[in-house]
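First the structure, in the form of C-alpha coordinates, and then the observations on it.
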Amino acid sequence: MSVDVKYRTQATATGGRDGHARSQDGVLDVALSTPKELGGAGGAGTNPEQLFAAGYSACFIGALKVAGQQLKVKVPDDVAVHATVGIGPRSQGGFGITADLAVDLPGVDREQAQQLVDAAHQICPYSNATRGNVDVTLTLA
(Lines give C-alpha, C1' and ligand atoms only; values in the text may rest on other atoms or scores of the structure.)
Protein backbone atom coordinates (compact mmCIF):
# COMPACT_ATOMS: atom_id res chain seq x y z
CA MET A 1 0.00 0.00 0.00
CA SER A 2 1.36 3.40 -0.86
CA VAL A 3 0.47 6.64 0.88
CA ASP A 4 0.63 10.03 -0.82
CA VAL A 5 1.93 11.88 2.25
CA LYS A 6 0.60 15.45 2.52
CA TYR A 7 1.88 16.26 6.01
CA ARG A 8 4.62 15.03 8.30
CA THR A 9 5.34 15.86 11.90
CA GLN A 10 7.89 14.80 14.44
CA ALA A 11 7.92 14.41 18.18
CA THR A 12 10.59 13.19 20.55
CA ALA A 13 10.12 11.43 23.86
CA THR A 14 12.83 11.13 26.48
CA GLY A 15 12.75 9.22 29.73
CA GLY A 16 10.00 6.80 28.67
CA ARG A 17 6.70 6.75 30.52
CA ASP A 18 8.09 8.99 33.27
CA GLY A 19 9.75 11.44 30.95
CA HIS A 20 8.87 14.18 28.57
CA ALA A 21 7.53 14.52 25.02
CA ARG A 22 7.81 17.47 22.69
CA SER A 23 6.85 18.07 19.09
CA GLN A 24 9.50 19.48 16.79
CA ASP A 25 7.68 22.84 16.63
CA GLY A 26 7.15 22.96 20.41
CA VAL A 27 3.35 23.18 20.18
CA LEU A 28 3.08 19.88 22.05
CA ASP A 29 5.27 19.91 25.14
CA VAL A 30 4.17 17.55 27.89
CA ALA A 31 5.43 15.77 30.95
CA LEU A 32 4.76 12.03 31.01
CA SER A 33 3.73 9.98 34.04
CA THR A 34 3.11 6.26 34.37
CA PRO A 35 -0.41 5.55 35.71
CA LYS A 36 -0.63 3.78 39.06
CA GLU A 37 -2.52 0.93 37.32
CA LEU A 38 0.66 0.22 35.34
CA GLY A 39 2.91 0.32 38.39
CA GLY A 40 3.82 3.98 38.24
CA ALA A 41 3.42 6.80 40.69
CA GLY A 42 0.69 8.51 38.69
CA GLY A 43 1.27 12.21 38.74
CA ALA A 44 0.45 15.31 36.79
CA GLY A 45 1.86 14.14 33.45
CA THR A 46 -0.07 12.62 30.59
CA ASN A 47 0.61 9.19 29.12
CA PRO A 48 0.75 7.63 25.65
CA GLU A 49 -2.75 6.15 25.99
CA GLN A 50 -4.27 9.57 26.71
CA LEU A 51 -2.43 11.05 23.75
CA PHE A 52 -3.63 8.20 21.53
CA ALA A 53 -7.24 8.65 22.75
CA ALA A 54 -7.11 12.38 22.00
CA GLY A 55 -5.56 11.85 18.57
CA TYR A 56 -7.93 9.05 17.56
CA SER A 57 -11.05 10.94 18.66
CA ALA A 58 -10.03 14.14 16.86
CA CYS A 59 -9.05 12.24 13.72
CA PHE A 60 -12.33 10.30 13.75
CA ILE A 61 -14.28 13.58 13.80
CA GLY A 62 -12.38 14.64 10.68
CA ALA A 63 -13.31 11.33 9.05
CA LEU A 64 -16.96 11.85 10.05
CA LYS A 65 -16.91 15.21 8.26
CA VAL A 66 -15.49 13.63 5.10
CA ALA A 67 -18.11 10.86 5.34
CA GLY A 68 -20.80 13.50 5.79
CA GLN A 69 -19.72 15.21 2.58
CA GLN A 70 -19.72 11.90 0.72
CA LEU A 71 -23.11 10.81 2.09
CA LYS A 72 -24.58 14.33 1.94
CA VAL A 73 -25.40 14.27 5.65
CA LYS A 74 -24.68 17.38 7.77
CA VAL A 75 -22.34 16.53 10.63
CA PRO A 76 -23.33 18.80 13.54
CA ASP A 77 -20.85 21.36 14.85
CA ASP A 78 -21.13 19.83 18.32
CA VAL A 79 -20.17 16.31 17.21
CA ALA A 80 -18.10 14.55 19.87
CA VAL A 81 -16.09 11.35 19.93
CA HIS A 82 -15.30 9.92 23.36
CA ALA A 83 -12.32 7.59 23.05
CA THR A 84 -11.46 5.10 25.77
CA VAL A 85 -8.08 3.45 25.30
CA GLY A 86 -7.03 0.44 27.35
CA ILE A 87 -3.64 -1.19 27.75
CA GLY A 88 -2.64 -4.52 29.22
CA PRO A 89 -0.80 -7.79 28.71
CA ARG A 90 -1.70 -9.85 25.62
CA SER A 91 -2.30 -13.57 25.82
CA GLN A 92 0.36 -13.97 23.09
CA GLY A 93 2.90 -12.01 25.15
CA GLY A 94 3.82 -8.38 25.24
CA PHE A 95 1.25 -5.64 25.66
CA GLY A 96 -1.69 -4.56 23.56
CA ILE A 97 -4.20 -1.76 23.43
CA THR A 98 -7.92 -1.50 22.88
CA ALA A 99 -9.96 1.45 21.70
CA ASP A 100 -13.64 2.16 22.28
CA LEU A 101 -15.12 5.12 20.41
CA ALA A 102 -18.50 6.47 21.48
CA VAL A 103 -19.73 8.86 18.79
CA ASP A 104 -22.22 11.59 19.66
CA LEU A 105 -23.98 13.08 16.63
CA PRO A 106 -26.73 15.26 18.14
CA GLY A 107 -29.74 15.80 15.90
CA VAL A 108 -28.70 13.17 13.35
CA ASP A 109 -31.14 10.34 12.67
CA ARG A 110 -29.80 7.13 14.25
CA GLU A 111 -29.69 5.25 10.91
CA GLN A 112 -27.82 8.09 9.22
CA ALA A 113 -25.52 8.40 12.24
CA GLN A 114 -24.63 4.70 11.98
CA GLN A 115 -23.91 5.12 8.25
CA LEU A 116 -21.62 8.06 9.06
CA VAL A 117 -19.77 6.07 11.73
CA ASP A 118 -19.35 3.05 9.46
CA ALA A 119 -18.05 5.20 6.61
CA ALA A 120 -15.76 7.21 8.89
CA HIS A 121 -14.23 3.98 10.22
CA GLN A 122 -13.16 3.15 6.64
CA ILE A 123 -11.80 6.68 6.07
CA CYS A 124 -10.02 7.45 9.37
CA PRO A 125 -6.24 6.92 9.23
CA TYR A 126 -6.21 5.76 12.87
CA SER A 127 -8.88 3.17 12.09
CA ASN A 128 -6.92 2.03 9.06
CA ALA A 129 -3.70 1.84 11.07
CA THR A 130 -5.27 -0.19 13.87
CA ARG A 131 -7.47 -2.49 11.77
CA GLY A 132 -6.51 -6.10 12.41
CA ASN A 133 -4.14 -5.13 15.24
CA VAL A 134 -6.27 -3.38 17.85
CA ASP A 135 -9.73 -4.28 19.10
CA VAL A 136 -11.80 -1.19 18.21
CA THR A 137 -15.41 -0.89 19.30
CA LEU A 138 -17.69 1.78 17.80
CA THR A 139 -20.94 2.85 19.42
CA LEU A 140 -23.39 5.69 19.05
CA ALA A 141 -23.56 7.73 22.24
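Within each chain, counting starts at residue 1; across the C-alpha coordinates, chains are named A, B, ... in the order shown, with ligands numbered 1 upward in that order.
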
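For range 54-64 of chain A, the set of protein, DNA and RNA residues having any atom at most 9 Å away, when counting only C-alpha atoms and skipping those fewer than 4 positions along the same chain, is Glu49, Gln50, Gly68, Gln69, Val75, Val79, Ala80, Val81, His82, Ala83, Ala99, Leu101, Val103, Leu116, Val117, Ala119, Ala120, His121, Gln122, Ile123, Cys124, Pro125, Tyr126 and Ser127 of chain A.
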
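The environment of Gln10 in chain A within 9 Å, counting only C-alpha atoms and disregarding residues fewer than 3 places along the same chain, consists of Arg22, Ser23, Gln24 and Asp25 of chain A.
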
For this session: Write out as a PyMOL selection string all residues of range 97-137 of chain A that DSSP puts in alpha helix (DSSP H) for this structure's backbone.
Result: chain A and resi 110-123+125-130

Keeping only N, CA, C and O atoms, take the residues you just selected and write them out as a PDB file, in the first residue's frame.
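Wrote it out as again35.pdb, contents follow:
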```
ATOM      1  N   ARG A 110     -30.658   8.234  13.812  1.00  0.00           N
ATOM      2  CA  ARG A 110     -29.798   7.126  14.247  1.00  0.00           C
ATOM      3  C   ARG A 110     -29.286   6.295  13.070  1.00  0.00           C
ATOM      4  O   ARG A 110     -28.126   5.883  13.047  1.00  0.00           O
ATOM      5  N   GLU A 111     -30.131   6.040  12.072  1.00  0.00           N
ATOM      6  CA  GLU A 111     -29.695   5.251  10.915  1.00  0.00           C
ATOM      7  C   GLU A 111     -28.622   5.991  10.127  1.00  0.00           C
ATOM      8  O   GLU A 111     -27.614   5.407   9.733  1.00  0.00           O
ATOM      9  N   GLN A 112     -28.826   7.291   9.922  1.00  0.00           N
ATOM     10  CA  GLN A 112     -27.815   8.090   9.223  1.00  0.00           C
ATOM     11  C   GLN A 112     -26.534   8.191  10.051  1.00  0.00           C
ATOM     12  O   GLN A 112     -25.430   8.146   9.503  1.00  0.00           O
ATOM     13  N   ALA A 113     -26.689   8.321  11.367  1.00  0.00           N
ATOM     14  CA  ALA A 113     -25.522   8.402  12.241  1.00  0.00           C
ATOM     15  C   ALA A 113     -24.692   7.128  12.131  1.00  0.00           C
ATOM     16  O   ALA A 113     -23.462   7.182  12.056  1.00  0.00           O
ATOM     17  N   GLN A 114     -25.357   5.968  12.097  1.00  0.00           N
ATOM     18  CA  GLN A 114     -24.631   4.704  11.977  1.00  0.00           C
ATOM     19  C   GLN A 114     -23.912   4.623  10.636  1.00  0.00           C
ATOM     20  O   GLN A 114     -22.779   4.139  10.556  1.00  0.00           O
ATOM     21  N   GLN A 115     -24.558   5.103   9.563  1.00  0.00           N
ATOM     22  CA  GLN A 115     -23.908   5.122   8.250  1.00  0.00           C
ATOM     23  C   GLN A 115     -22.673   6.010   8.276  1.00  0.00           C
ATOM     24  O   GLN A 115     -21.635   5.657   7.709  1.00  0.00           O
ATOM     25  N   LEU A 116     -22.768   7.160   8.944  1.00  0.00           N
ATOM     26  CA  LEU A 116     -21.620   8.057   9.059  1.00  0.00           C
ATOM     27  C   LEU A 116     -20.470   7.385   9.811  1.00  0.00           C
ATOM     28  O   LEU A 116     -19.316   7.448   9.384  1.00  0.00           O
ATOM     29  N   VAL A 117     -20.799   6.737  10.922  1.00  0.00           N
ATOM     30  CA  VAL A 117     -19.772   6.073  11.733  1.00  0.00           C
ATOM     31  C   VAL A 117     -19.108   4.955  10.938  1.00  0.00           C
ATOM     32  O   VAL A 117     -17.875   4.830  10.928  1.00  0.00           O
ATOM     33  N   ASP A 118     -19.906   4.150  10.249  1.00  0.00           N
ATOM     34  CA  ASP A 118     -19.346   3.047   9.461  1.00  0.00           C
ATOM     35  C   ASP A 118     -18.431   3.568   8.354  1.00  0.00           C
ATOM     36  O   ASP A 118     -17.345   3.032   8.135  1.00  0.00           O
ATOM     37  N   ALA A 119     -18.873   4.630   7.681  1.00  0.00           N
ATOM     38  CA  ALA A 119     -18.050   5.201   6.606  1.00  0.00           C
ATOM     39  C   ALA A 119     -16.782   5.840   7.173  1.00  0.00           C
ATOM     40  O   ALA A 119     -15.692   5.674   6.618  1.00  0.00           O
ATOM     41  N   ALA A 120     -16.918   6.547   8.283  1.00  0.00           N
ATOM     42  CA  ALA A 120     -15.763   7.207   8.892  1.00  0.00           C
ATOM     43  C   ALA A 120     -14.715   6.186   9.320  1.00  0.00           C
ATOM     44  O   ALA A 120     -13.512   6.435   9.214  1.00  0.00           O
ATOM     45  N   HIS A 121     -15.164   5.029   9.776  1.00  0.00           N
ATOM     46  CA  HIS A 121     -14.228   3.984  10.219  1.00  0.00           C
ATOM     47  C   HIS A 121     -13.400   3.454   9.042  1.00  0.00           C
ATOM     48  O   HIS A 121     -12.281   2.980   9.233  1.00  0.00           O
ATOM     49  N   GLN A 122     -13.921   3.551   7.833  1.00  0.00           N
ATOM     50  CA  GLN A 122     -13.163   3.149   6.644  1.00  0.00           C
ATOM     51  C   GLN A 122     -12.236   4.270   6.166  1.00  0.00           C
ATOM     52  O   GLN A 122     -11.230   4.018   5.505  1.00  0.00           O
ATOM     53  N   ILE A 123     -12.555   5.511   6.519  1.00  0.00           N
ATOM     54  CA  ILE A 123     -11.799   6.680   6.074  1.00  0.00           C
ATOM     55  C   ILE A 123     -10.670   7.041   7.038  1.00  0.00           C
ATOM     56  O   ILE A 123      -9.566   7.393   6.618  1.00  0.00           O
ATOM     57  N   PRO A 125      -7.569   7.517   9.249  1.00  0.00           N
ATOM     58  CA  PRO A 125      -6.240   6.919   9.234  1.00  0.00           C
ATOM     59  C   PRO A 125      -5.925   6.109  10.492  1.00  0.00           C
ATOM     60  O   PRO A 125      -5.235   5.098  10.419  1.00  0.00           O
ATOM     61  N   TYR A 126      -6.435   6.537  11.643  1.00  0.00           N
ATOM     62  CA  TYR A 126      -6.206   5.762  12.868  1.00  0.00           C
ATOM     63  C   TYR A 126      -6.925   4.424  12.774  1.00  0.00           C
ATOM     64  O   TYR A 126      -6.377   3.391  13.168  1.00  0.00           O
ATOM     65  N   SER A 127      -8.151   4.431  12.262  1.00  0.00           N
ATOM     66  CA  SER A 127      -8.877   3.168  12.091  1.00  0.00           C
ATOM     67  C   SER A 127      -8.153   2.258  11.122  1.00  0.00           C
ATOM     68  O   SER A 127      -8.046   1.046  11.345  1.00  0.00           O
ATOM     69  N   ASN A 128      -7.646   2.839  10.036  1.00  0.00           N
ATOM     70  CA  ASN A 128      -6.918   2.030   9.056  1.00  0.00           C
ATOM     71  C   ASN A 128      -5.611   1.494   9.626  1.00  0.00           C
ATOM     72  O   ASN A 128      -5.216   0.366   9.332  1.00  0.00           O
ATOM     73  N   ALA A 129      -4.958   2.286  10.475  1.00  0.00           N
ATOM     74  CA  ALA A 129      -3.695   1.842  11.071  1.00  0.00           C
ATOM     75  C   ALA A 129      -3.908   0.741  12.108  1.00  0.00           C
ATOM     76  O   ALA A 129      -3.055  -0.123  12.275  1.00  0.00           O
ATOM     77  N   THR A 130      -5.031   0.779  12.794  1.00  0.00           N
ATOM     78  CA  THR A 130      -5.268  -0.187  13.869  1.00  0.00           C
ATOM     79  C   THR A 130      -6.001  -1.439  13.396  1.00  0.00           C
ATOM     80  O   THR A 130      -5.965  -2.456  14.083  1.00  0.00           O
TER      81      THR A 130
END
```

Within 9 Å of Gly16 in chain A using only C-alpha atoms, minus same-chain residues under 6 positions, as a tab-separated table (two decimals) with C-alpha atoms, in the first residue's frame:
```tsv
chain	number	residue	atom	x	y	z
A	32	LEU	CA	4.76	12.03	31.01
A	33	SER	CA	3.73	9.98	34.04
A	34	THR	CA	3.11	6.26	34.37
```

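With only C-alpha atoms as the atoms that count, the minimum distance from Arg131 in chain A to the choices A:Thr98, A:Pro106, A:Ala13, A:His20 is reached by A:Thr98.
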
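Coordinates place CA of Arg17 in chain A at a distance of 29.1 Å from CA of Val5 in chain A.
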
Problem set entry | Which residue of A:Gly96, A:Ala21, A:Thr84, A:Ser91 approaches Leu138 in chain A most closely, using only C-alpha atoms |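 Smallest distance to Leu138 in chain A is found for A:Thr84.
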
Problem set entry | strand (DSSP E or B) call set, DSSP backbone run, range 19-72 of chain A, as a PyMOL selection string | chain A and resi 20-23+29-32+46

For this session: Tell me which of A:Ala11, A:Val134, A:Lys65, A:Ala31 sits closest to Gly43 in chain A, counting only C-alpha atoms.
Result: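 The closest residue to Gly43 in chain A is A:Ala31.
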